[in-house]
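File shown here: target.txt, holding compact mmCIF, C-alpha atoms.
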# COMPACT_ATOMS: atom_id res chain seq x y z
CA MET A 23 140.99 71.64 120.89
CA GLY A 24 142.19 71.49 117.30
CA ASP A 25 140.06 74.54 116.54
CA VAL A 26 142.00 76.61 119.09
CA PHE A 27 145.34 75.95 117.41
CA LYS A 28 143.88 76.64 113.98
CA ALA A 29 142.34 79.84 115.27
CA LEU A 30 145.64 81.01 116.78
CA ALA A 31 147.70 80.08 113.72
CA ASP A 32 146.65 83.21 111.85
CA PRO A 33 148.42 86.51 112.63
CA THR A 34 145.34 88.64 111.96
CA ARG A 35 143.33 86.57 114.41
CA ARG A 36 146.09 86.93 117.02
CA THR A 37 146.00 90.70 116.48
CA ILE A 38 142.23 90.67 116.99
CA LEU A 39 142.79 88.96 120.36
CA ASP A 40 145.49 91.56 121.19
CA GLU A 41 143.04 94.37 120.55
CA LEU A 42 140.29 92.67 122.55
CA THR A 43 142.79 92.39 125.41
CA ASP A 44 143.40 96.13 125.11
CA ARG A 45 139.65 96.72 125.40
CA ASP A 46 137.16 93.92 125.85
CA GLY A 47 133.75 94.30 124.23
CA GLN A 48 134.11 95.87 120.80
CA THR A 49 131.84 96.25 117.80
CA LEU A 50 132.97 94.91 114.44
CA PHE A 51 133.46 98.53 113.36
CA GLU A 52 135.84 99.32 116.22
CA LEU A 53 137.88 96.15 115.61
CA CYS A 54 138.17 96.91 111.89
CA GLY A 55 139.26 100.47 112.71
CA ARG A 56 141.95 99.29 115.11
CA LEU A 57 143.29 96.68 112.67
CA THR A 58 143.46 99.20 109.84
CA MET A 59 144.67 102.26 111.72
CA LYS A 60 146.93 100.72 114.36
CA HIS A 61 148.25 97.68 112.49
CA GLY A 62 148.01 98.68 108.84
CA LEU A 63 146.01 95.55 108.03
CA SER A 64 143.99 95.98 104.88
CA SER A 65 141.52 93.14 105.41
CA THR A 66 137.95 93.84 104.43
CA ARG A 67 135.21 94.05 107.02
CA GLN A 68 133.86 90.78 105.64
CA ALA A 69 137.24 89.09 106.11
CA ILE A 70 137.46 90.33 109.70
CA SER A 71 133.94 89.07 110.30
CA GLN A 72 135.02 85.63 109.05
CA HIS A 73 138.10 85.69 111.32
CA LEU A 74 135.76 86.46 114.22
CA ASP A 75 133.60 83.47 113.28
CA VAL A 76 136.67 81.20 113.46
CA LEU A 77 137.65 82.66 116.85
CA GLU A 78 134.10 82.25 118.10
CA ALA A 79 133.95 78.62 116.91
CA ALA A 80 137.17 77.97 118.86
CA GLY A 81 135.62 79.49 121.97
CA LEU A 82 138.16 82.34 122.07
CA VAL A 83 135.64 85.06 121.26
CA GLU A 84 132.14 85.45 122.56
CA THR A 85 129.52 87.82 121.18
CA THR A 86 126.84 89.54 123.19
CA ARG A 87 123.94 91.62 122.01
CA GLU A 88 123.19 94.78 123.92
CA GLY A 89 120.06 96.32 122.52
CA ARG A 90 120.67 96.69 118.80
CA TYR A 91 124.46 96.36 118.89
CA LYS A 92 126.70 93.31 118.91
CA PHE A 93 129.91 93.31 120.97
CA HIS A 94 132.85 90.89 120.81
CA HIS A 95 134.56 89.68 123.98
CA ILE A 96 137.72 87.62 124.45
CA ASP A 97 137.42 84.32 126.31
CA THR A 98 140.76 82.96 127.46
CA GLY A 99 139.20 79.73 128.77
CA PRO A 100 140.52 77.55 125.90
CA LEU A 101 144.05 78.92 126.52
CA ARG A 102 143.90 77.76 130.11
CA THR A 103 143.27 74.24 128.83
CA ILE A 104 146.50 74.44 126.82
CA VAL A 105 148.49 75.69 129.81
CA GLU A 106 147.11 73.00 132.07
CA ARG A 107 147.85 70.30 129.53
CA TRP A 108 151.59 70.92 129.38
CA LEU A 109 152.59 73.24 132.20
CA ALA A 110 150.64 71.64 135.01
CA GLY A 111 151.28 68.09 133.85
CA ASP A 112 152.54 66.71 137.17
CA ARG A 113 149.18 67.21 138.85
CA GLY A 114 148.29 63.81 137.45
CA GLU A 115 145.22 64.71 135.42
CA GLU A 116 144.91 63.18 132.00
CA PRO A 117 143.95 65.72 129.35
CA THR A 118 141.27 64.85 126.89
CA MET B 244 130.11 122.54 93.39
CA ARG B 245 129.91 122.35 97.19
CA ILE B 246 128.48 119.88 99.65
CA HIS B 247 125.29 121.54 100.83
CA ILE B 248 123.34 118.93 102.78
CA ALA B 249 124.12 115.56 104.32
CA SER B 250 121.25 113.43 105.61
CA VAL B 251 120.54 111.06 108.46
CA PHE B 252 117.40 108.91 108.47
CA VAL B 253 115.66 109.35 111.81
CA ASP B 254 112.90 107.31 113.46
CA ASP B 255 111.16 110.44 114.77
CA GLN B 256 111.94 113.98 113.62
CA GLU B 257 110.91 115.73 116.84
CA LYS B 258 112.96 113.35 118.97
CA ALA B 259 115.87 113.79 116.55
CA LEU B 260 115.65 117.57 116.80
CA ARG B 261 115.78 117.37 120.60
CA PHE B 262 118.90 115.20 120.43
CA TYR B 263 120.76 117.10 117.72
CA VAL B 264 119.96 120.52 119.25
CA ASP B 265 119.60 120.00 123.00
CA VAL B 266 122.24 117.31 123.44
CA LEU B 267 124.78 117.66 120.63
CA GLY B 268 124.41 121.47 120.50
CA PHE B 269 123.51 122.15 116.86
CA THR B 270 121.03 124.90 115.90
CA THR B 271 117.91 124.59 113.75
CA LYS B 272 118.41 126.05 110.28
CA HIS B 273 115.18 125.15 108.47
CA ASP B 274 111.96 123.70 109.82
CA ILE B 275 109.33 123.68 107.07
CA PRO B 276 106.12 121.58 107.22
CA LEU B 277 105.82 119.29 104.19
CA GLY B 278 102.26 118.15 104.70
CA GLY B 279 101.39 115.19 106.85
CA GLU B 280 103.80 114.87 109.75
CA ASP B 281 106.98 115.26 107.73
CA ARG B 282 109.10 118.39 107.92
CA TRP B 283 112.06 119.74 105.96
CA LEU B 284 114.23 119.86 109.04
CA THR B 285 117.88 120.81 108.98
CA VAL B 286 120.44 121.73 111.64
CA VAL B 287 123.85 123.39 111.43
CA SER B 288 126.80 123.80 113.73
CA PRO B 289 126.77 127.11 115.65
CA GLU B 290 130.49 127.23 114.78
CA ASP B 291 129.60 127.21 111.07
CA PRO B 292 126.01 128.51 110.65
CA ASP B 293 126.37 128.91 106.88
CA GLY B 294 128.12 125.58 106.48
CA THR B 295 126.84 122.16 105.46
CA GLU B 296 123.38 121.39 106.80
CA LEU B 297 122.38 118.09 108.32
CA LEU B 298 118.95 116.99 107.11
CA LEU B 299 116.95 114.99 109.67
CA GLU B 300 115.15 112.87 107.11
CA PRO B 301 112.09 110.77 108.01
CA GLY B 302 113.06 107.10 107.76
CA GLY B 303 109.74 105.76 106.54
CA HIS B 304 110.94 104.10 103.33
CA PRO B 305 110.86 100.29 103.70
CA ALA B 306 114.54 99.99 102.73
CA VAL B 307 115.66 102.26 105.57
CA GLN B 308 115.00 100.11 108.62
CA PRO B 309 116.87 96.96 107.50
CA PHE B 310 119.75 99.17 106.33
CA LYS B 311 119.96 100.96 109.69
CA ASP B 312 119.57 97.74 111.69
CA ALA B 313 122.44 96.10 109.82
CA LEU B 314 124.74 99.08 110.40
CA LEU B 315 123.80 99.28 114.07
CA ALA B 316 124.47 95.59 114.69
CA ASP B 317 128.02 95.93 113.38
CA GLY B 318 128.55 99.26 115.14
CA ILE B 319 129.06 101.18 111.90
CA PRO B 320 128.60 104.96 112.05
CA PHE B 321 127.38 106.40 108.74
CA THR B 322 127.94 110.03 109.74
CA GLN B 323 130.93 111.76 111.29
CA PHE B 324 131.33 115.05 113.16
CA ALA B 325 134.58 116.85 113.94
CA VAL B 326 135.20 117.98 117.52
CA ASP B 327 138.13 119.75 119.19
CA ASP B 328 138.73 116.95 121.68
CA VAL B 329 137.01 113.56 121.58
CA GLU B 330 137.73 112.82 125.27
CA VAL B 331 136.16 116.12 126.39
CA GLU B 332 133.07 115.56 124.22
CA TYR B 333 132.82 111.98 125.45
CA ASP B 334 132.76 113.15 129.08
CA ARG B 335 130.27 115.94 128.34
CA LEU B 336 127.89 113.71 126.39
CA ARG B 337 128.13 110.80 128.82
CA ALA B 338 127.07 113.19 131.58
CA LEU B 339 124.01 114.01 129.45
CA GLY B 340 123.14 110.31 129.25
CA VAL B 341 124.40 109.59 125.73
CA THR B 342 125.21 105.96 124.92
CA PHE B 343 128.55 105.20 123.25
CA THR B 344 129.21 101.97 121.34
CA GLN B 345 132.89 102.88 121.16
CA GLU B 346 134.69 104.79 123.87
CA PRO B 347 137.49 107.11 122.68
CA VAL B 348 140.31 105.24 120.94
CA ASP B 349 143.62 106.70 119.82
CA MET B 350 143.89 105.31 116.29
CA GLY B 351 147.15 107.06 115.48
CA PRO B 352 146.38 109.99 113.14
CA VAL B 353 142.89 110.37 114.64
CA THR B 354 141.09 109.80 117.91
CA THR B 355 137.52 108.54 117.49
CA ALA B 356 134.46 107.54 119.49
CA VAL B 357 131.02 106.34 118.37
CA LEU B 358 127.69 107.38 119.89
CA ASP B 359 124.02 106.46 119.46
CA ASP B 360 121.79 109.34 118.32
CA THR B 361 118.64 107.72 119.89
CA CYS B 362 117.03 107.77 116.42
CA GLY B 363 118.59 104.60 115.07
CA ASN B 364 121.97 105.94 113.93
CA LEU B 365 125.53 105.72 115.10
CA ILE B 366 127.65 108.87 114.82
CA GLN B 367 131.42 108.98 114.92
CA ILE B 368 133.14 111.95 116.54
CA VAL B 369 136.74 112.55 115.60
CA HIS B 370 139.69 114.84 116.12
CA GLN B 371 143.06 114.82 114.39
CA SER B 372 145.84 113.85 116.79
CA GLY B 373 148.89 115.99 117.38
Here is a file; write its structure as C-alpha cells.
Amino acid sequence: MGDVFKALADPTRRTILDELTDRDGQTLFELCGRLTMKHGLSSTRQAISQHLDVLEAAGLVETTREGRYKFHHIDTGPLRTIVERWLAGDRGEEPT
Amino acid sequence: MRIHIASVFVDDQEKALRFYVDVLGFTTKHDIPLGGEDRWLTVVSPEDPDGTELLLEPGGHPAVQPFKDALLADGIPFTQFAVDDVEVEYDRLRALGVTFTQEPVDMGPVTTAVLDDTCGNLIQIVHQSG
C-alpha cells in the first residue's frame, strides 16, 4: 500500500497516469512524446522508464508484450483499495 | 551539401520493396544487384521523385538486430515521413492491413502516428497542425 502513495506523490507519474487514462496501452515512445509535447516535461526517456517501473511496482501500471512491442496499461485496482479504506468504512471490513 | 539518402535496415529487401511501394506508395528509384542476394535498392516519393532517396539496406550486420529489437520494444520510430493528414493515412493504411503501435495523437504543433513496416522498423508519420 505504501508503494501506491509513493508512486502517486510524484507529479510526472500522475501525468503518466493521466495520459494512460486518455488512451490505455501506450509504448514508451508515445508516453514520452505526450509528456514532452503536451505537458512540456523535459524528462529523459530513461527517467520516464524509471517512473514507469515505480508505477508498475505499485500495481498502477501493467505492461503487456504484443509481438515485439511493449505496451503500458493503467490499473486502477490499487486506487479502489484506497477508496474502500476510507470512503466505504461503515461496511465493517477491516483494511489490511 | 544536401541530404541525399536516408537508410532503413530491412529484414528482407524484396518484402521491404513490396511494403514501401505497394502499401506506402513510394516508387522504386534504383534497383542494382550487388552480387549475392543484396541489391542497391532505393525508393522515392512520387511527390518528390528527385528528392531524398530511402535506401532499403540489408540488415545482416550482427549489430543491427539487437539495435532494432530494442527500438521496437520501446516503440521508437527511427524514420519519419510527412503526410498531408495523419488521420486519413491511418485509415487508408489500416484498411491495407498495416499495424500501428501508436494511433494518431494530436501532440499540439504536430499530429503523429507510428506504424510497423513489416521489416523490423517503426515509422512515424506526421503532419503539422493548423
Seminar exercise, completed: Pairwise distance, CA of Gly268 (chain B) with CA of Thr355 (chain B), equals 18.7 Å
Select all residues from chain B having any atom no more than 8 Å from an atom of chain A (counting all atoms listed in the file, ignoring ligands), output as a PDB file with C-alpha atoms, keeping the file's coordinate frame.
ATOM      1  CA  ASP B 312     119.570  97.740 111.690  1.00  0.00           C
ATOM      2  CA  LEU B 315     123.800  99.280 114.070  1.00  0.00           C
ATOM      3  CA  ALA B 316     124.470  95.590 114.690  1.00  0.00           C
ATOM      4  CA  ASP B 317     128.020  95.930 113.380  1.00  0.00           C
ATOM      5  CA  GLY B 318     128.550  99.260 115.140  1.00  0.00           C
ATOM      6  CA  ILE B 319     129.060 101.180 111.900  1.00  0.00           C
ATOM      7  CA  THR B 344     129.210 101.970 121.340  1.00  0.00           C
ATOM      8  CA  GLN B 345     132.890 102.880 121.160  1.00  0.00           C
ATOM      9  CA  MET B 350     143.890 105.310 116.290  1.00  0.00           C
ATOM     10  CA  GLY B 351     147.150 107.060 115.480  1.00  0.00           C
TER      11      GLY B 351
END
Exercise. Of the candidates A:Gly81, A:Cys54, A:Thr37, A:Thr43, which one gets nearest to Gln68 (chain A) if we count all atoms listed in the file?
Worked result: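 Of A:Gly81, A:Cys54, A:Thr37, A:Thr43, the one nearest Gln68 (chain A), counting all atoms listed in the file, is A:Cys54.
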Problem set entry | Separation of CA of Asp360 (chain B) from CA of Leu74 (chain A), in Å and rounded to one decimal |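 Spanning CA of Asp360 (chain B) to CA of Leu74 (chain A) is a straight-line distance of 27.1 Å.
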